Structures are given as C-alpha cells and as structure tokens.
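K.L.:
As input, take query.pdb (PDB, C-alpha atoms):
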ATOM      1  CA  MET A   1     -39.919  -3.025  26.224
ATOM      2  CA  LEU A   2     -36.807  -5.175  25.748
ATOM      3  CA  ALA A   3     -38.187  -6.479  22.451
ATOM      4  CA  VAL A   4     -38.861  -2.933  21.241
ATOM      5  CA  ALA A   5     -35.399  -1.807  22.382
ATOM      6  CA  TRP A   6     -33.794  -4.671  20.436
ATOM      7  CA  ARG A   7     -35.838  -3.752  17.380
ATOM      8  CA  VAL A   8     -34.679  -0.116  17.417
ATOM      9  CA  ARG A   9     -31.187  -0.765  18.825
ATOM     10  CA  SER A  10     -29.491   1.123  15.970
ATOM     11  CA  VAL A  11     -31.578   4.222  16.745
ATOM     12  CA  LEU A  12     -30.857   3.916  20.468
ATOM     13  CA  GLU A  13     -27.154   3.622  19.656
ATOM     14  CA  LEU A  14     -27.346   6.826  17.603
ATOM     15  CA  ILE A  15     -29.176   8.642  20.418
ATOM     16  CA  TYR A  16     -26.682   7.427  23.025
ATOM     17  CA  VAL A  17     -23.616   8.461  21.010
ATOM     18  CA  SER A  18     -25.123  11.875  20.209
ATOM     19  CA  GLY A  19     -26.057  12.475  23.848
ATOM     20  CA  LEU A  20     -22.613  11.386  25.019
ATOM     21  CA  PHE A  21     -20.827  13.825  22.718
ATOM     22  CA  ALA A  22     -23.247  16.554  23.770
ATOM     23  CA  VAL A  23     -22.289  15.954  27.411
ATOM     24  CA  ILE A  24     -18.595  16.053  26.485
ATOM     25  CA  LEU A  25     -18.910  19.292  24.480
ATOM     26  CA  THR A  26     -21.303  21.102  26.840
ATOM     27  CA  PRO A  27     -18.499  22.423  29.143
ATOM     28  CA  LEU A  28     -16.899  24.099  26.092
ATOM     29  CA  VAL A  29     -20.231  25.729  25.280
ATOM     30  CA  THR A  30     -20.567  26.854  28.896
ATOM     31  CA  ARG A  31     -17.135  28.470  28.797
ATOM     32  CA  LEU A  32     -18.091  30.352  25.644
ATOM     33  CA  THR A  33     -21.242  31.669  27.338
ATOM     34  CA  ASN A  34     -19.087  33.045  30.174
ATOM     35  CA  ILE A  35     -17.058  35.222  27.797
ATOM     36  CA  ARG A  36     -18.131  38.853  28.071
ATOM     37  CA  PHE A  37     -18.387  41.308  25.178
ATOM     38  CA  GLY A  38     -18.736  44.502  27.129
ATOM     39  CA  LYS A  39     -21.891  44.054  29.184
ATOM     40  CA  HIS A  40     -23.212  41.222  27.059
ATOM     41  CA  ARG A  41     -22.598  37.478  26.973
ATOM     42  CA  LEU A  42     -23.165  34.923  24.280
ATOM     43  CA  SER A  43     -26.429  33.038  24.554
ATOM     44  CA  ARG A  44     -26.270  29.248  24.600
ATOM     45  CA  VAL A  45     -27.484  28.980  21.014
ATOM     46  CA  TRP A  46     -24.900  31.470  19.748
ATOM     47  CA  ALA A  47     -22.160  29.736  21.742
ATOM     48  CA  ILE A  48     -23.030  26.458  19.990
ATOM     49  CA  VAL A  49     -23.102  28.232  16.614
ATOM     50  CA  THR A  50     -19.686  29.761  17.370
ATOM     51  CA  LEU A  51     -18.193  26.393  18.350
ATOM     52  CA  VAL A  52     -19.551  24.555  15.307
ATOM     53  CA  GLY A  53     -18.701  27.419  12.976
ATOM     54  CA  SER A  54     -15.116  27.620  14.229
ATOM     55  CA  VAL A  55     -14.550  23.908  13.610
ATOM     56  CA  PHE A  56     -16.193  24.071  10.177
ATOM     57  CA  VAL A  57     -14.222  27.147   9.061
ATOM     58  CA  THR A  58     -10.915  25.679  10.287
ATOM     59  CA  LEU A  59     -11.433  22.391   8.453
ATOM     60  CA  SER A  60     -12.686  24.148   5.318
ATOM     61  CA  LEU A  61      -9.680  26.454   5.129
ATOM     62  CA  PHE A  62      -7.244  23.609   5.723
ATOM     63  CA  PHE A  63      -8.717  21.326   3.076
ATOM     64  CA  PHE A  64      -9.218  24.241   0.648
ATOM     65  CA  PHE A  65      -5.463  24.821   0.583
ATOM     66  CA  ALA A  66      -4.312  21.213   1.128
ATOM     67  CA  LEU A  67      -6.599  19.110  -1.065
ATOM     68  CA  PRO A  68      -6.226  20.689  -4.574
ATOM     69  CA  PRO A  69      -2.599  19.537  -5.108
ATOM     70  CA  VAL A  70      -3.504  16.062  -3.800
ATOM     71  CA  ILE A  71      -6.470  15.755  -6.175
ATOM     72  CA  ARG A  72      -4.367  16.980  -9.100
ATOM     73  CA  ASP A  73      -1.567  14.487  -8.442
ATOM     74  CA  LEU A  74      -4.064  11.668  -7.825
ATOM     75  CA  HIS A  75      -5.680  12.344 -11.189
ATOM     76  CA  GLU A  76      -2.285  12.298 -12.915
ATOM     77  CA  PHE A  77      -1.372   9.066 -11.112
ATOM     78  CA  LEU A  78      -4.593   7.316 -12.199
ATOM     79  CA  VAL A  79      -4.047   8.459 -15.796
ATOM     80  CA  ASP A  80      -0.439   7.164 -15.805
ATOM     81  CA  LEU A  81      -1.198   3.986 -13.838
ATOM     82  CA  PRO A  82      -1.790   1.669 -16.842
ATOM     83  CA  GLY A  83       1.615   2.624 -18.214
ATOM     84  CA  ARG A  84       3.334   2.185 -14.844
ATOM     85  CA  VAL A  85       2.060  -1.333 -14.135
ATOM     86  CA  PRO A  86       4.576  -3.132 -16.432
ATOM     87  CA  ALA A  87       7.486  -1.223 -14.848
ATOM     88  CA  ILE A  88       6.250  -2.087 -11.345
ATOM     89  CA  VAL A  89       5.896  -5.760 -12.307
ATOM     90  CA  ALA A  90       9.419  -5.733 -13.751
ATOM     91  CA  ARG A  91      10.803  -4.301 -10.496
ATOM     92  CA  ILE A  92       9.014  -6.989  -8.506
ATOM     93  CA  HIS A  93      10.485  -9.701 -10.764
ATOM     94  CA  HIS A  94      13.960  -8.620  -9.645
ATOM     95  CA  LEU A  95      13.140  -9.303  -5.996
ATOM     96  CA  PRO A  96      14.539 -12.518  -4.416
ATOM     97  CA  MET A  97      12.247 -15.535  -4.836
ATOM     98  CA  ALA A  98       9.914 -13.478  -7.044
ATOM     99  CA  ASP A  99       9.241 -16.489  -9.290
ATOM    100  CA  LYS A 100       7.972 -18.534  -6.352
ATOM    101  CA  LEU A 101       5.634 -15.748  -5.273
ATOM    102  CA  GLY A 102       3.660 -15.911  -8.512
ATOM    103  CA  VAL A 103       3.897 -12.230  -9.432
ATOM    104  CA  ASP A 104       1.826 -12.498 -12.593
ATOM    105  CA  SER A 105      -1.037 -14.199 -10.796
ATOM    106  CA  MET A 106      -0.810 -11.592  -8.022
ATOM    107  CA  VAL A 107      -1.145  -8.785 -10.585
ATOM    108  CA  GLN A 108      -4.163 -10.508 -12.129
ATOM    109  CA  ARG A 109      -5.730 -10.900  -8.689
ATOM    110  CA  ALA A 110      -5.056  -7.241  -7.931
ATOM    111  CA  GLU A 111      -6.808  -6.226 -11.161
ATOM    112  CA  ASP A 112      -9.751  -8.489 -10.331
ATOM    113  CA  ALA A 113      -9.837  -7.037  -6.800
ATOM    114  CA  ALA A 114      -9.900  -3.495  -8.203
ATOM    115  CA  THR A 115     -12.814  -4.424 -10.470
ATOM    116  CA  ALA A 116     -14.634  -6.115  -7.591
ATOM    117  CA  THR A 117     -14.017  -3.076  -5.369
ATOM    118  CA  ALA A 118     -15.505  -0.732  -7.961
ATOM    119  CA  SER A 119     -18.519  -3.042  -8.292
ATOM    120  CA  TYR A 120     -18.885  -3.224  -4.499
ATOM    121  CA  MET A 121     -18.759   0.571  -4.187
ATOM    122  CA  PHE A 122     -21.587   0.816  -6.720
ATOM    123  CA  THR A 123     -23.790  -1.895  -5.207
ATOM    124  CA  SER A 124     -23.219  -0.663  -1.626
ATOM    125  CA  PHE A 125     -24.199   2.914  -2.465
ATOM    126  CA  PRO A 126     -27.468   2.684  -0.454
ATOM    127  CA  LYS A 127     -25.500   1.589   2.607
ATOM    128  CA  TRP A 128     -23.125   4.544   2.195
ATOM    129  CA  MET A 129     -26.109   6.873   1.948
ATOM    130  CA  GLU A 130     -27.557   5.345   5.119
ATOM    131  CA  ALA A 131     -24.234   5.858   6.919
ATOM    132  CA  ILE A 132     -24.098   9.499   5.767
ATOM    133  CA  PHE A 133     -27.700   9.993   6.916
ATOM    134  CA  ASN A 134     -26.838   8.571  10.352
ATOM    135  CA  VAL A 135     -23.849  10.910  10.663
ATOM    136  CA  VAL A 136     -25.999  13.934   9.757
ATOM    137  CA  MET A 137     -28.763  12.866  12.148
ATOM    138  CA  GLY A 138     -26.213  12.266  14.895
ATOM    139  CA  PHE A 139     -24.863  15.781  14.381
ATOM    140  CA  VAL A 140     -28.367  17.277  14.526
ATOM    141  CA  LEU A 141     -29.222  15.246  17.639
ATOM    142  CA  CYS A 142     -26.014  16.393  19.310
ATOM    143  CA  LEU A 143     -26.983  20.034  18.658
ATOM    144  CA  TYR A 144     -30.460  19.466  20.090
ATOM    145  CA  PHE A 145     -29.014  17.755  23.160
ATOM    146  CA  MET A 146     -26.718  20.736  23.767
ATOM    147  CA  ILE A 147     -29.593  23.210  23.329
ATOM    148  CA  GLU A 148     -32.360  21.364  25.165
ATOM    149  CA  GLY A 149     -30.319  18.877  27.154
ATOM    150  CA  GLU A 150     -30.929  20.644  30.456
ATOM    151  CA  HIS A 151     -34.701  20.133  30.183
ATOM    152  CA  ALA A 152     -34.270  16.485  29.176
ATOM    153  CA  TYR A 153     -31.870  15.961  32.080
ATOM    154  CA  ARG A 154     -34.341  17.387  34.601
ATOM    155  CA  TRP A 155     -37.045  15.086  33.238
ATOM    156  CA  PHE A 156     -34.629  12.159  33.549
ATOM    157  CA  LEU A 157     -34.063  12.960  37.236
ATOM    158  CA  THR A 158     -37.810  12.832  37.931
ATOM    159  CA  LEU A 159     -37.708   9.084  37.204
ATOM    160  CA  PHE A 160     -35.895   8.546  40.526
ATOM    161  CA  THR A 161     -37.111   8.894  44.084
ATOM    162  CA  GLU A 162     -36.210  12.060  45.942
ATOM    163  CA  ASP A 163     -33.516  10.325  48.025
ATOM    164  CA  ASN A 164     -31.776   8.806  44.992
ATOM    165  CA  ARG A 165     -32.265  11.891  42.833
ATOM    166  CA  ILE A 166     -29.511  13.810  44.619
ATOM    167  CA  ARG A 167     -27.080  10.891  44.384
ATOM    168  CA  VAL A 168     -27.813  10.408  40.675
ATOM    169  CA  HIS A 169     -27.312  14.130  40.037
ATOM    170  CA  GLN A 170     -23.988  14.158  41.870
ATOM    171  CA  THR A 171     -22.862  11.041  40.000
ATOM    172  CA  MET A 172     -23.830  12.511  36.629
ATOM    173  CA  ALA A 173     -22.031  15.764  37.429
ATOM    174  CA  ASN A 174     -18.876  13.840  38.362
ATOM    175  CA  ALA A 175     -19.134  11.778  35.173
ATOM    176  CA  GLU A 176     -19.579  14.928  33.064
ATOM    177  CA  THR A 177     -16.395  16.442  34.513
ATOM    178  CA  ARG A 178     -14.358  13.286  33.922
ATOM    179  CA  MET A 179     -15.720  12.803  30.395
ATOM    180  CA  SER A 180     -14.772  16.382  29.546
ATOM    181  CA  ARG A 181     -11.267  15.583  30.756
ATOM    182  CA  TRP A 182     -11.313  12.588  28.392
ATOM    183  CA  LEU A 183     -11.783  15.018  25.513
ATOM    184  CA  LEU A 184      -8.737  16.951  26.728
ATOM    185  CA  GLY A 185      -6.678  13.762  27.076
ATOM    186  CA  GLN A 186      -7.780  12.495  23.655
ATOM    187  CA  GLY A 187      -6.927  15.884  22.185
ATOM    188  CA  MET A 188      -3.415  15.623  23.632
ATOM    189  CA  LEU A 189      -2.977  12.164  22.073
ATOM    190  CA  MET A 190      -4.242  13.417  18.701
ATOM    191  CA  LEU A 191      -1.953  16.456  18.827
ATOM    192  CA  THR A 192       1.072  14.337  19.783
ATOM    193  CA  PHE A 193       0.450  11.824  17.002
ATOM    194  CA  GLY A 194      -0.241  14.522  14.423
ATOM    195  CA  VAL A 195       2.836  16.628  15.236
ATOM    196  CA  THR A 196       5.138  13.587  15.451
ATOM    197  CA  SER A 197       3.817  12.220  12.145
ATOM    198  CA  THR A 198       4.253  15.585  10.426
ATOM    199  CA  ILE A 199       7.865  15.873  11.606
ATOM    200  CA  VAL A 200       8.762  12.298  10.599
ATOM    201  CA  PHE A 201       7.020  12.531   7.217
ATOM    202  CA  GLY A 202       8.743  15.855   6.590
ATOM    203  CA  LEU A 203      12.153  14.313   7.339
ATOM    204  CA  LEU A 204      11.311  11.460   4.928
ATOM    205  CA  HIS A 205      10.350  14.062   2.279
ATOM    206  CA  LEU A 206       6.909  12.547   1.757
ATOM    207  CA  ARG A 207       4.467  14.299  -0.502
ATOM    208  CA  TYR A 208       1.727  16.248   1.316
ATOM    209  CA  PHE A 209       3.396  15.525   4.655
ATOM    210  CA  VAL A 210       1.430  18.324   6.354
ATOM    211  CA  LEU A 211      -1.900  16.928   5.151
ATOM    212  CA  LEU A 212      -0.874  13.389   6.086
ATOM    213  CA  GLY A 213       0.193  14.490   9.563
ATOM    214  CA  PHE A 214      -3.124  16.297  10.012
ATOM    215  CA  LEU A 215      -5.058  13.178   8.972
ATOM    216  CA  MET A 216      -2.978  11.011  11.310
ATOM    217  CA  GLY A 217      -3.871  13.221  14.257
ATOM    218  CA  LEU A 218      -7.526  13.615  13.248
ATOM    219  CA  PHE A 219      -8.165   9.891  12.685
ATOM    220  CA  ASN A 220      -6.494   9.084  16.000
ATOM    221  CA  ILE A 221      -9.774   9.968  17.710
ATOM    222  CA  ILE A 222     -10.924   6.513  16.507
ATOM    223  CA  PRO A 223      -8.912   4.028  18.582
ATOM    224  CA  VAL A 224      -6.924   1.399  16.663
ATOM    225  CA  ALA A 225      -8.910   1.599  13.393
ATOM    226  CA  GLY A 226      -8.225   5.308  12.875
ATOM    227  CA  GLY A 227      -4.458   4.842  13.125
ATOM    228  CA  ILE A 228      -4.500   1.858  10.772
ATOM    229  CA  ILE A 229      -6.523   3.709   8.117
ATOM    230  CA  SER A 230      -4.342   6.812   8.235
ATOM    231  CA  ILE A 231      -1.046   4.883   8.166
ATOM    232  CA  LEU A 232      -2.225   2.890   5.137
ATOM    233  CA  ILE A 233      -2.936   6.165   3.341
ATOM    234  CA  ALA A 234       0.529   7.469   4.262
ATOM    235  CA  ALA A 235       2.143   4.195   3.161
ATOM    236  CA  CYS A 236       0.418   4.366  -0.233
ATOM    237  CA  VAL A 237       1.690   7.915  -0.733
ATOM    238  CA  ALA A 238       5.201   6.842   0.297
ATOM    239  CA  ALA A 239       5.080   3.886  -2.114
ATOM    240  CA  LEU A 240       4.729   6.336  -5.008
ATOM    241  CA  ASP A 241       8.342   7.388  -4.346
ATOM    242  CA  SER A 242      10.050   4.200  -3.154
ATOM    243  CA  TRP A 243       9.549   0.954  -1.235
ATOM    244  CA  THR A 244      12.119   2.152   1.276
ATOM    245  CA  LYS A 245       9.988   5.134   2.273
ATOM    246  CA  MET A 246       6.959   2.899   2.619
ATOM    247  CA  GLY A 247       8.917   0.554   4.890
ATOM    248  CA  LEU A 248      10.120   3.490   6.990
ATOM    249  CA  VAL A 249       6.541   4.754   7.352
ATOM    250  CA  PHE A 250       5.403   1.354   8.659
ATOM    251  CA  LEU A 251       8.438   1.211  10.964
ATOM    252  CA  PHE A 252       7.580   4.635  12.401
ATOM    253  CA  TYR A 253       3.980   3.561  13.016
ATOM    254  CA  VAL A 254       4.996   0.335  14.775
ATOM    255  CA  ILE A 255       7.430   2.212  17.054
ATOM    256  CA  TYR A 256       5.022   5.038  17.837
ATOM    257  CA  ILE A 257       1.958   2.840  18.462
ATOM    258  CA  ASN A 258       3.938   0.763  20.962
ATOM    259  CA  ILE A 259       5.101   3.890  22.783
ATOM    260  CA  GLU A 260       1.579   5.325  22.776
ATOM    261  CA  SER A 261      -0.018   2.099  24.026
ATOM    262  CA  ALA A 262       2.606   1.431  26.700
ATOM    263  CA  VAL A 263       3.370   4.959  27.912
ATOM    264  CA  LEU A 264       1.221   7.798  26.568
ATOM    265  CA  THR A 265      -2.325   6.412  26.655
ATOM    266  CA  PRO A 266      -2.219   4.852  30.158
ATOM    267  CA  ARG A 267      -0.594   7.920  31.727
ATOM    268  CA  ILE A 268      -2.671  10.559  29.951
ATOM    269  CA  MET A 269      -5.947   8.714  30.497
ATOM    270  CA  LYS A 270      -5.053   7.952  34.118
ATOM    271  CA  ALA A 271      -4.232  11.601  34.793
ATOM    272  CA  HIS A 272      -7.290  13.100  33.048
ATOM    273  CA  VAL A 273      -9.959  10.408  33.255
ATOM    274  CA  ASP A 274      -8.850   8.536  36.395
ATOM    275  CA  LEU A 275      -9.112   5.130  34.708
ATOM    276  CA  MET A 276      -6.494   2.418  34.815
ATOM    277  CA  GLY A 277      -4.803   1.457  31.559
ATOM    278  CA  LEU A 278      -6.315  -2.035  31.894
ATOM    279  CA  THR A 279      -9.791  -0.514  32.173
ATOM    280  CA  VAL A 280      -9.230   1.593  29.051
ATOM    281  CA  LEU A 281      -8.041  -1.448  27.088
ATOM    282  CA  ILE A 282     -10.996  -3.601  28.187
ATOM    283  CA  ALA A 283     -13.404  -0.757  27.361
ATOM    284  CA  LEU A 284     -11.944  -0.468  23.862
ATOM    285  CA  LEU A 285     -12.269  -4.224  23.286
ATOM    286  CA  LEU A 286     -15.869  -4.312  24.522
ATOM    287  CA  GLY A 287     -16.863  -1.172  22.632
ATOM    288  CA  SER A 288     -15.425  -2.373  19.320
ATOM    289  CA  ALA A 289     -17.041  -5.800  19.783
ATOM    290  CA  MET A 290     -20.457  -4.276  20.483
ATOM    291  CA  ALA A 291     -20.588  -1.470  17.913
ATOM    292  CA  GLY A 292     -17.449  -1.525  15.773
ATOM    293  CA  ILE A 293     -15.690   1.796  15.170
ATOM    294  CA  VAL A 294     -18.475   3.795  16.828
ATOM    295  CA  GLY A 295     -18.264   1.614  19.917
ATOM    296  CA  ALA A 296     -14.498   2.067  20.133
ATOM    297  CA  LEU A 297     -14.952   5.819  19.705
ATOM    298  CA  VAL A 298     -17.225   6.162  22.754
ATOM    299  CA  ALA A 299     -15.733   3.284  24.768
ATOM    300  CA  VAL A 300     -13.644   5.383  27.182
ATOM    301  CA  PRO A 301     -16.309   8.007  28.081
ATOM    302  CA  SER A 302     -18.821   5.168  28.470
ATOM    303  CA  ALA A 303     -16.389   3.421  30.821
ATOM    304  CA  VAL A 304     -16.143   6.656  32.800
ATOM    305  CA  LEU A 305     -19.936   6.814  33.128
ATOM    306  CA  VAL A 306     -20.173   3.174  34.233
ATOM    307  CA  SER A 307     -17.288   3.655  36.667
ATOM    308  CA  CYS A 308     -18.964   6.649  38.321
ATOM    309  CA  PHE A 309     -22.236   4.762  38.843
ATOM    310  CA  LEU A 310     -20.454   1.666  40.144
ATOM    311  CA  GLN A 311     -18.465   3.700  42.656
ATOM    312  CA  GLU A 312     -21.554   5.530  43.887
ATOM    313  CA  PHE A 313     -24.148   2.748  44.031
ATOM    314  CA  PHE A 314     -22.304  -0.586  44.231
ATOM    315  CA  VAL A 315     -18.958  -0.071  45.978
ATOM    316  CA  GLU A 316     -19.304  -0.456  49.761
ATOM    317  CA  ARG A 317     -17.076   1.877  51.713
ATOM    318  CA  LYS A 318     -16.180   1.248  55.355
TER     319      LYS A 318
END
Once you've parsed the file, please lay out its structure as structure tokens.

P.N.:
Amino acid sequence: MLAVAWRVRSVLELIYVSGLFAVILTPLVTRLTNIRFGKHRLSRVWAIVTLVGSVFVTLSLFFFFALPPVIRDLHEFLVDLPGRVPAIVARIHHLPMADKLGVDSMVQRAEDAATATASYMFTSFPKWMEAIFNVVMGFVLCLYFMIEGEHAYRWFLTLFTEDNRIRVHQTMANAETRMSRWLLGQGMLMLTFGVTSTIVFGLLHLRYFVLLGFLMGLFNIIPVAGGIISILIAACVAALDSWTKMGLVFLFYVIYINIESAVLTPRIMKAHVDLMGLTVLIALLLGSAMAGIVGALVAVPSAVLVSCFLQEFFVERK
C-alpha cells in the first residue's frame, strides 16, 4: 500500500487539496442553503452553483473592464521595445560605475535569456497543459466533494471503532470550524494587502493601479510566492515610467511584508485559527518544502487539522 501510495502521490496530493478546500468552502454553501426565498430554500447543488457562479461573474466583469487597456498598452510596448533598447542602454551608461558593470554584455545576456525563455515556453507546453488539467480536475473534485462529501465522510467514519468514531467526528467538526475561520483570516489579509497596494500605487500614479492592487490581494492567498510574483509585475509596470517609481514599489513591499509577517499574520491567524505564529511559519516552511506553492497554499489549514488530532488523541490532560 505504501508503494502504491508513493506511485500515485501526485494524485493523492490533488485529492487531498481538493477535499481540503471543499471542507473550507462547505460552511459557505451551508449558509446559502439556509437563506429562504419565501417558503423555499436553495438546494445544496444550487447553493454550490450560486457560489461558483458569483465568483466567476465577479472575476469576469473585473477583467473584462480592466484587461483591455493593459493588453493594448502591452502590445504597443512590445512593438516599440526594439527602438527603446538603445535609449535604455544609454541611460544605464550614465549610472556610476556603469563601465565596470559590463552593460553591453548584460544586454546581450538579457537578449539571450529572452530567446531561451521563449524556447522554454514552447518546449514546456506539455507541462503547462498538465498543470492546467490538474487545476481543472482539482476544481471538479472540489465540487464533487461539496456535493457528495457527506456520504464519503460517513463511510470514512465506519473505518473506526464505535468508541473512537465519536471522538474522530468531534475532532473533524472542530477542525472544520477552525479551517473555515482560516479562510476568513486569509480573506482579511488579502483584503488588507489589496486595499493598501491600491492606495499606494494610486499615490505613485502607477498605470493600472486598480488592477495591480487587485492582483496583489488575489495572489496573497499563496504565501510568500504570491506576493513576490505580484510585486514583480507591479515593479515592471512602474519601471515603464521611471526607476524611482520601481524603487518606491519595492520599498513599499519590503515595509508592508515586514509589518504583515510581524504583526498582521500572527495576530489574525491566532485570533481566527488559534495557531501560534511560530506554528504558522513552520507549517509554511514544511508545506512549501513538500509540495511547493500548492503545499504553502494548504499549509495552514493542514496544520489546523493536525493540531486538532494531536490535541484530541495525543495530548494527555490531567
């Protein structure tokens, strides 16, 4: 069984992540089913359809209005880029110690890197398709877990003896409540980062500051990596105007990430998830080491689940 599990570990990882998000989102579905429309209530299936549809419509409307100007300007930038390179190189030559930095060789390396990147994107197309397939399958699995999860959960409980079955059920119920609070806490962190980024980018007069702020908040659901990816995108947009704006964007990120790590994350996660800041940090390190970005994404709710089982079955209380 261990050999088989190791062989299909990527599939088990997909199932685990899908089931975990289903557990986190199930309380939202339950709340929707409790809403009355006269004498009628939404069925579970229609509550799930409403939740998914609301998210899809919101994202579609936002990107429908926000993306067209970005795509238009990006196209113009790529068309004008060959003519801008000499001017950029000339500006770099005026920097102190530019001769010692080897600007010309750096430009040549950048061109070679761009060519290599394009070649890598082409050769790695099957891997991208596999990643997209896994995302789609994870989404479908999550829907099935929310629809039929109750039956699967009851079958899972039959694997335990009658005495332990009650304890396992109580532990799982406690973990479900705390993991749902994690979603609330993570949502607060995403909202704080997104609003703060939008305000700062607006004061800096960055292009598409609303879209950039939205991406900063959305990508913040991925610990560490999400913030780095989004701030690099914002820095590239700022660099189109001036190096000063790009430096200010990086300065804002450094200040905010220190405040979030030292103040916001420990307090919000402690209040909503009942985990120490040290536990959250260790969970993030272990999750990212085991499964990369996906592991970091589900590290905190997984730590909540492990914590609940440890407290129930291993901690001796006097």

K.L.:
Run the PyMOL selection byres ((chain A and resi 145) around 10) on the file and write out the hits as a PyMOL selection string.

P.N.:
chain A and resi 15+18-23+26+139-144+146-153

K.L.:
For this structure, which residues satisfy the selection - the PyMOL selection byres ((chain A and resi 300) around 7) - when it is evaluated on the file as given? I want them as a PDB file with C-alpha atoms, in the frame of the given file.

P.N.:
ATOM      1  CA  VAL A 280      -9.230   1.593  29.051  1.00  0.00           C
ATOM      2  CA  ALA A 283     -13.404  -0.757  27.361  1.00  0.00           C
ATOM      3  CA  LEU A 284     -11.944  -0.468  23.862  1.00  0.00           C
ATOM      4  CA  VAL A 298     -17.225   6.162  22.754  1.00  0.00           C
ATOM      5  CA  ALA A 299     -15.733   3.284  24.768  1.00  0.00           C
ATOM      6  CA  PRO A 301     -16.309   8.007  28.081  1.00  0.00           C
ATOM      7  CA  SER A 302     -18.821   5.168  28.470  1.00  0.00           C
ATOM      8  CA  ALA A 303     -16.389   3.421  30.821  1.00  0.00           C
ATOM      9  CA  VAL A 304     -16.143   6.656  32.800  1.00  0.00           C
TER      10      VAL A 304
END

K.L.:
Would you mind listing what lies within 7 Å of region 41-55 of chain A as a PyMOL selection string, with all atoms listed in the file counted and same-chain residues fewer than 6 positions away left out?

P.N.:
chain A and resi 29+32-35+147

K.L.:
Interatomic distance between CA of Leu281 (chain A) and CA of Phe252 (chain A)?

P.N.:
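So the answer is 22.3 Å.
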
K.L.:
Which polymer residues, protein or nucleic acid, are no farther than 7 Å from (1.2, 13.7, 7.6), counting only C-alpha atoms, as a list of chain:residue names?

P.N.:
A:Ser197, A:Thr198, A:Phe201, A:Tyr208, A:Phe209, A:Val210, A:Leu211, A:Leu212, A:Gly213, A:Phe214, A:Leu215, A:Met216

K.L.:
Please put the answer as AutoDock Vina command-line options: centre and edge lengths, in Å with one decimal, of a box along x, y and z that encloses all listed atoms of region 144-157 of chain A plus 8 Å on each side.

P.N.:
--center_x -31.9 --center_y 17.7 --center_z 28.7 --size_x 26.3 --size_y 27.1 --size_z 33.1

K.L.:
Mind pulling up the distance from CA of Ser180 (chain A) to CA of Phe63 (chain A)?

P.N.:
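CA of Ser180 (chain A) lies 27.6 Å from CA of Phe63 (chain A).
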
K.L.:
Rounded to one decimal place, report the CA of Lys245 (chain A)-CA of Leu206 (chain A) distance in Å.

P.N.:
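Between these atoms lies a distance of 8.0 Å.
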
K.L.:
Between A:Gln170, A:Thr196, A:Thr244, A:Gln186, which one has atoms that come closest to Phe313 (chain A), using only C-alpha atoms?

P.N.:
A:Gln170

K.L.:
Check which residues satisfy the PyMOL selection byres ((chain A and resi 255-257) around 12) in the file shown, then give them as a PyMOL selection string.

P.N.:
chain A and resi 189+192-194+196-197+200+216+220+223-224+226-228+231+248-254+258-265

K.L.:
Which residue out of A:Ile293, A:Trp182, A:Leu2, A:Gly217 has the minimum interatomic distance to Val17 (chain A) when all atoms listed in the file are used?

P.N.:
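Counting all atoms listed in the file, the residue closest to Val17 (chain A) is A:Ile293.
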
K.L.:
Compare A:Ala296, A:Val195, A:Ala66, A:Met137 by their minimum atom-to-atom distance to Arg207 (chain A), counting all atoms listed in the file, and give me the closest one.

P.N.:
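The closest residue to Arg207 (chain A) is A:Ala66.
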
K.L.:
Which residue is closest to Arg181 (chain A)? Choose from A:Val273, A:Leu286, A:Leu28, A:Leu59 and count all atoms listed in the file.

P.N.:
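Smallest separation from Arg181 (chain A) among the options: A:Val273.
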
K.L.:
Which residue out of A:Leu204, A:Leu218, A:Val57, A:Ala225 has the minimum interatomic distance to Ala238 (chain A) when only C-alpha atoms are used?

P.N.:
A:Leu204
